[in-house]
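What follows is a single structure, written as structure tokens, with notes after it.
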Amino acid sequence: MFERIISLENLVVAWREFRIGKRSKKDVIEFGDRVEEHLVALALDLKAGKYRHGQYTRFIVHDPKRREISKAPVRDRVLHHAMCRVIGPVFDRGFIFDSYANRTGKGTLSANDRFDAFVRKCSRNGSRTAFVLKADIRKYFDSVDHETLLHILGRRIRCERTLGLLHSVVSSFETSPGKGIPLGNLTSQLFSNAYLDPFDQFVKRELGVKYYIRYADDFVVLSDDVGALDRMRSRMDAFLTQNLGLTLHPEKTRIVRFGSGVDFLGKVHFRFHRVLRVKTKRRSIRRIASRNESSYIGLLRHSRSHGLVRILRDILEQKNVLEEVCVNPSTKPSGAWTSRA
């Protein structure tokens with residue numbers, strides 16, 4: 001496994017995957033100018049046991065919550081991609097079906113579709129009341145214990161040199177002694193799923209939960225028995241605390257009745273439709289107005305947001321006309337646009 005990770009062929013493919021969407025970044029351009037030299041040196045350092053993970057650059061983003069992103073040097077991020085290309089499938093085969101974060105063929109859209117399907121089954125097409133346990137793990141990425149994580153990784157990975165490489169990546173970042181994985185690493189996405197896999201197995205195998213969906217550190221359980229959900233919550237919290245050193249967020253973990261709308265992964269779900277969360281609508285308008293991110297319109301097609309789509313299309317059209325006028329001052333905006341403006 002280690003030889004597959006450090007092979008030049010794998011490193012080259014990892015570099016090509018890594019640079020997608022980052023070609024204009026200064027550090028990526030500098031690495032790309034001498035990419036062959038950098039990749040060969042990386043492979044030789046890994047083979048000789050001389051590789052050391054670089055220092056992180058930390059910065060704050062608001063999307064919409066305040067988050068601290070930790071960015072590793074390009075050299076290390078390329079290695080992260082190379083590792084995940086080889087190790088990722090080994091873990092993915094063992095994950096439960098209804099874990100949806102950062103997995104091929106999954107994602108928020110699939111998780112939302114699955115949630116709607118579970119609601120129909122649990123409520124027997126609306127003939128009985130369905131209840132939803134919505135849960136969130138408190139400070140999840142900051143609370144991941146390095147020793148526990150490496151133990152979980154070691155259950156699937158038998159190659160000693162690969163485990164040594166994993167140890168160097170895990171130990172390269174701390175929020176407190178022996179804890180924390182960085183927001184920003186591709187490996188962190190794999191580690192976060194692997195770390196909660198024992199919890200997924202507990203929920204499905206020991207608790208026997210049928211309607212369970214997890215996306216990163218958010219998960220939901222559906223049932224027509226509110227008392228059963230309350231008992232599950234206590235047992236889940238106990239398992240997380242005793243086995244993984246995690247706790248459920250006291251304010252974000254609650255049991256709600258499905259019917260007046262349930263917020264899950266950015267959508268508010270009703271029996272026959274779903275709509276965007278109000279905060280997501282406002283963020284979509286701000287981003288399209290400021291950065292011309294037309295991809296948001298594609299996102300809206302999966303919810304009942306026809307009015308919002310019209311507003312966003314108007315914003316995009318106005319921006320395009322303004323850009324054309326700036327490039328060619330003789331261009332006059334069309335009457336239809338000026339009347340809306």
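Scheme for the structure tokens: letters A, B, ... for chains in order shown; per-chain residue numbers from 1; ligand numbers from 1 in order shown.
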
Shell of 8 Å around Ser99 of chain A, only C-alpha atoms, local chain residues under 2 positions omitted, as a list in words | Phe95, Ile96, Phe97, Ala101, Asn193, Ile213, Arg214, Tyr215 and Ala216 of chain A

Test item: residues at most 10 Å from Val119 of chain A, only C-alpha atoms, excluding those fewer than 4 positions along its chain, as a PyMOL selection string | chain A and resi 114-115+123-126+129-132+211+222-224+258+269-271

Taking N, CA and C atoms for each residue, export the selection above as a PDB file, in the first residue's frame.
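Output contents, as saved in part17.pdb:
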```
ATOM      1  N   ARG A 114     -32.910  10.828   0.535  1.00  0.00           N
ATOM      2  CA  ARG A 114     -33.070   9.692   1.431  1.00  0.00           C
ATOM      3  C   ARG A 114     -33.946  10.073   2.630  1.00  0.00           C
ATOM      4  N   PHE A 115     -33.757  11.283   3.140  1.00  0.00           N
ATOM      5  CA  PHE A 115     -34.563  11.759   4.255  1.00  0.00           C
ATOM      6  C   PHE A 115     -36.047  11.775   3.876  1.00  0.00           C
ATOM      7  N   SER A 123     -43.781   7.421   8.328  1.00  0.00           N
ATOM      8  CA  SER A 123     -45.138   7.927   8.575  1.00  0.00           C
ATOM      9  C   SER A 123     -46.204   7.137   7.828  1.00  0.00           C
ATOM     10  N   ARG A 124     -45.762   6.110   7.092  1.00  0.00           N
ATOM     11  CA  ARG A 124     -46.681   5.326   6.258  1.00  0.00           C
ATOM     12  C   ARG A 124     -47.504   6.248   5.364  1.00  0.00           C
ATOM     13  N   ASN A 125     -46.730   7.057   4.591  1.00  0.00           N
ATOM     14  CA  ASN A 125     -47.322   8.025   3.655  1.00  0.00           C
ATOM     15  C   ASN A 125     -48.261   9.008   4.351  1.00  0.00           C
ATOM     16  N   GLY A 126     -47.858   9.446   5.528  1.00  0.00           N
ATOM     17  CA  GLY A 126     -48.598  10.477   6.227  1.00  0.00           C
ATOM     18  C   GLY A 126     -49.759   9.990   7.061  1.00  0.00           C
ATOM     19  N   THR A 129     -47.991   9.912  12.731  1.00  0.00           N
ATOM     20  CA  THR A 129     -47.039  10.987  13.042  1.00  0.00           C
ATOM     21  C   THR A 129     -45.610  10.441  13.071  1.00  0.00           C
ATOM     22  N   ALA A 130     -44.704  11.160  12.410  1.00  0.00           N
ATOM     23  CA  ALA A 130     -43.286  10.812  12.448  1.00  0.00           C
ATOM     24  C   ALA A 130     -42.540  11.846  13.280  1.00  0.00           C
ATOM     25  N   PHE A 131     -41.598  11.361  14.075  1.00  0.00           N
ATOM     26  CA  PHE A 131     -40.759  12.234  14.883  1.00  0.00           C
ATOM     27  C   PHE A 131     -39.314  12.100  14.413  1.00  0.00           C
ATOM     28  N   VAL A 132     -38.563  13.197  14.557  1.00  0.00           N
ATOM     29  CA  VAL A 132     -37.182  13.227  14.072  1.00  0.00           C
ATOM     30  C   VAL A 132     -36.249  13.660  15.203  1.00  0.00           C
ATOM     31  N   TYR A 211     -34.111   3.971  10.388  1.00  0.00           N
ATOM     32  CA  TYR A 211     -34.124   5.232   9.650  1.00  0.00           C
ATOM     33  C   TYR A 211     -33.092   6.190  10.251  1.00  0.00           C
ATOM     34  N   LEU A 222     -35.319   8.785  12.522  1.00  0.00           N
ATOM     35  CA  LEU A 222     -36.762   8.946  12.412  1.00  0.00           C
ATOM     36  C   LEU A 222     -37.468   7.767  13.056  1.00  0.00           C
ATOM     37  N   SER A 223     -38.582   8.054  13.713  1.00  0.00           N
ATOM     38  CA  SER A 223     -39.385   7.010  14.340  1.00  0.00           C
ATOM     39  C   SER A 223     -40.790   7.554  14.583  1.00  0.00           C
ATOM     40  N   ASP A 224     -41.748   6.617  14.731  1.00  0.00           N
ATOM     41  CA  ASP A 224     -43.098   7.042  15.108  1.00  0.00           C
ATOM     42  C   ASP A 224     -43.303   6.939  16.621  1.00  0.00           C
ATOM     43  N   PHE A 258     -42.415  15.840  12.808  1.00  0.00           N
ATOM     44  CA  PHE A 258     -42.429  16.161  11.388  1.00  0.00           C
ATOM     45  C   PHE A 258     -43.843  16.618  11.008  1.00  0.00           C
ATOM     46  N   HIS A 269     -37.800  20.528   5.142  1.00  0.00           N
ATOM     47  CA  HIS A 269     -38.588  19.460   4.530  1.00  0.00           C
ATOM     48  C   HIS A 269     -40.030  19.494   5.024  1.00  0.00           C
ATOM     49  N   PHE A 270     -40.960  19.417   4.062  1.00  0.00           N
ATOM     50  CA  PHE A 270     -42.379  19.243   4.349  1.00  0.00           C
ATOM     51  C   PHE A 270     -42.826  17.926   3.723  1.00  0.00           C
ATOM     52  N   ARG A 271     -44.072  17.591   3.891  1.00  0.00           N
ATOM     53  CA  ARG A 271     -44.519  16.282   3.431  1.00  0.00           C
ATOM     54  C   ARG A 271     -44.393  16.131   1.915  1.00  0.00           C
TER      55      ARG A 271
END
```

Return as number ranges by chain the full set of residues in segment 100-304 of chain A whose backbone-based DSSP assignment is helix (DSSP H, G or I).
-> A: 108-122, 140-143, 146-156, 160-170, 186-206, 226-244, 278-291, 295-300

What's the 12 Å shell around segment 91-93 of chain A, counting only C-alpha atoms, without same-chain residues fewer than 5 positions away, as a list in words?
-> Cys84, Arg85, Val86, Asp98, Ser99, Tyr100, Ala101, Asn102, Arg103, Thr104, Gly105, Lys106, Ile152, Leu153, Gly154, Arg155, Arg156, Ile157, Gln189, Leu190, Phe191, Ser192, Asn193, Ala194, Tyr195, Leu196 and Asp197 of chain A

Please run DSSP on the backbone and report, as JSON, numbers by chain, all residues within segment 5-151 of chain A that come out as strand (DSSP E or B).
-> {"A": [57, 58, 59, 60, 61, 62, 66, 67, 68, 69, 70, 71, 99, 131, 132, 133, 134, 135, 136, 137, 145]}

If we count only C-alpha atoms and set the cut-off at 10 Å, which residues sit around Val209 of chain A, ignoring sequence neighbours fewer than 6 positions away in its own chain? Please answer as a JSON list (two decimals) with all heavy atoms, in the first residue's frame.
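Resulting contents of part-v4.json:
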```json
[["chain", "number", "residue", "atom", "x", "y", "z"],
["A", 200, "ASP", "N", -21.65, 4.72, 13.82],
["A", 200, "ASP", "CA", -22.62, 4.28, 12.81],
["A", 200, "ASP", "C", -22.96, 2.80, 13.01],
["A", 200, "ASP", "O", -24.14, 2.41, 12.95],
["A", 200, "ASP", "CB", -22.07, 4.48, 11.40],
["A", 200, "ASP", "CG", -21.91, 5.95, 11.03],
["A", 200, "ASP", "OD1", -22.56, 6.80, 11.66],
["A", 200, "ASP", "OD2", -21.13, 6.24, 10.10],
["A", 202, "PHE", "N", -22.68, 1.03, 15.74],
["A", 202, "PHE", "CA", -23.43, 0.89, 16.98],
["A", 202, "PHE", "C", -24.91, 1.21, 16.76],
["A", 202, "PHE", "O", -25.80, 0.48, 17.22],
["A", 202, "PHE", "CB", -22.84, 1.82, 18.04],
["A", 202, "PHE", "CG", -23.68, 2.00, 19.27],
["A", 202, "PHE", "CD1", -23.76, 1.01, 20.24],
["A", 202, "PHE", "CD2", -24.40, 3.18, 19.48],
["A", 202, "PHE", "CE1", -24.54, 1.17, 21.36],
["A", 202, "PHE", "CE2", -25.18, 3.35, 20.60],
["A", 202, "PHE", "CZ", -25.26, 2.34, 21.55],
["A", 203, "VAL", "N", -25.18, 2.31, 16.05],
["A", 203, "VAL", "CA", -26.56, 2.73, 15.81],
["A", 203, "VAL", "C", -27.31, 1.69, 15.00],
["A", 203, "VAL", "O", -28.46, 1.33, 15.31],
["A", 203, "VAL", "CB", -26.59, 4.10, 15.10],
["A", 203, "VAL", "CG1", -28.01, 4.44, 14.63],
["A", 203, "VAL", "CG2", -26.07, 5.19, 16.02],
["A", 221, "VAL", "N", -32.42, 10.65, 13.15],
["A", 221, "VAL", "CA", -33.08, 9.35, 13.32],
["A", 221, "VAL", "C", -34.58, 9.60, 13.27],
["A", 221, "VAL", "O", -35.07, 10.54, 13.92],
["A", 221, "VAL", "CB", -32.70, 8.69, 14.66],
["A", 221, "VAL", "CG1", -33.44, 7.36, 14.81],
["A", 221, "VAL", "CG2", -31.20, 8.49, 14.76],
["A", 222, "LEU", "N", -35.32, 8.78, 12.52],
["A", 222, "LEU", "CA", -36.76, 8.95, 12.41],
["A", 222, "LEU", "C", -37.47, 7.77, 13.06],
["A", 222, "LEU", "O", -37.01, 6.62, 12.96],
["A", 222, "LEU", "CB", -37.20, 9.05, 10.95],
["A", 222, "LEU", "CG", -36.79, 10.31, 10.19],
["A", 222, "LEU", "CD1", -35.38, 10.18, 9.62],
["A", 222, "LEU", "CD2", -37.76, 10.60, 9.06],
["A", 223, "SER", "N", -38.58, 8.05, 13.71],
["A", 223, "SER", "CA", -39.38, 7.01, 14.34],
["A", 223, "SER", "C", -40.79, 7.55, 14.58],
["A", 223, "SER", "O", -41.00, 8.77, 14.65],
["A", 223, "SER", "CB", -38.75, 6.57, 15.66],
["A", 223, "SER", "OG", -39.58, 5.64, 16.34],
["A", 229, "LEU", "N", -37.10, 7.39, 20.68],
["A", 229, "LEU", "CA", -36.07, 8.34, 20.25],
["A", 229, "LEU", "C", -35.36, 8.95, 21.45],
["A", 229, "LEU", "O", -34.14, 9.14, 21.42],
["A", 229, "LEU", "CB", -36.70, 9.45, 19.40],
["A", 229, "LEU", "CG", -37.13, 9.08, 17.97],
["A", 229, "LEU", "CD1", -37.73, 10.30, 17.27],
["A", 229, "LEU", "CD2", -35.95, 8.55, 17.16],
["A", 232, "MET", "N", -32.95, 6.41, 22.73],
["A", 232, "MET", "CA", -31.81, 6.30, 21.81],
["A", 232, "MET", "C", -30.83, 7.44, 22.02],
["A", 232, "MET", "O", -29.61, 7.24, 22.00],
["A", 232, "MET", "CB", -32.30, 6.32, 20.36],
["A", 232, "MET", "CG", -32.96, 5.07, 19.87],
["A", 232, "MET", "SD", -33.47, 5.30, 18.14],
["A", 232, "MET", "CE", -34.66, 3.96, 17.99]]
```

Using only C-alpha atoms, which of A:Lys26, A:Lys121, A:Arg52, A:His62 sits nearest Lys210 of chain A?
->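 Comparing A:Lys26, A:Lys121, A:Arg52, A:His62 against Lys210 of chain A, the winner is A:Lys121.
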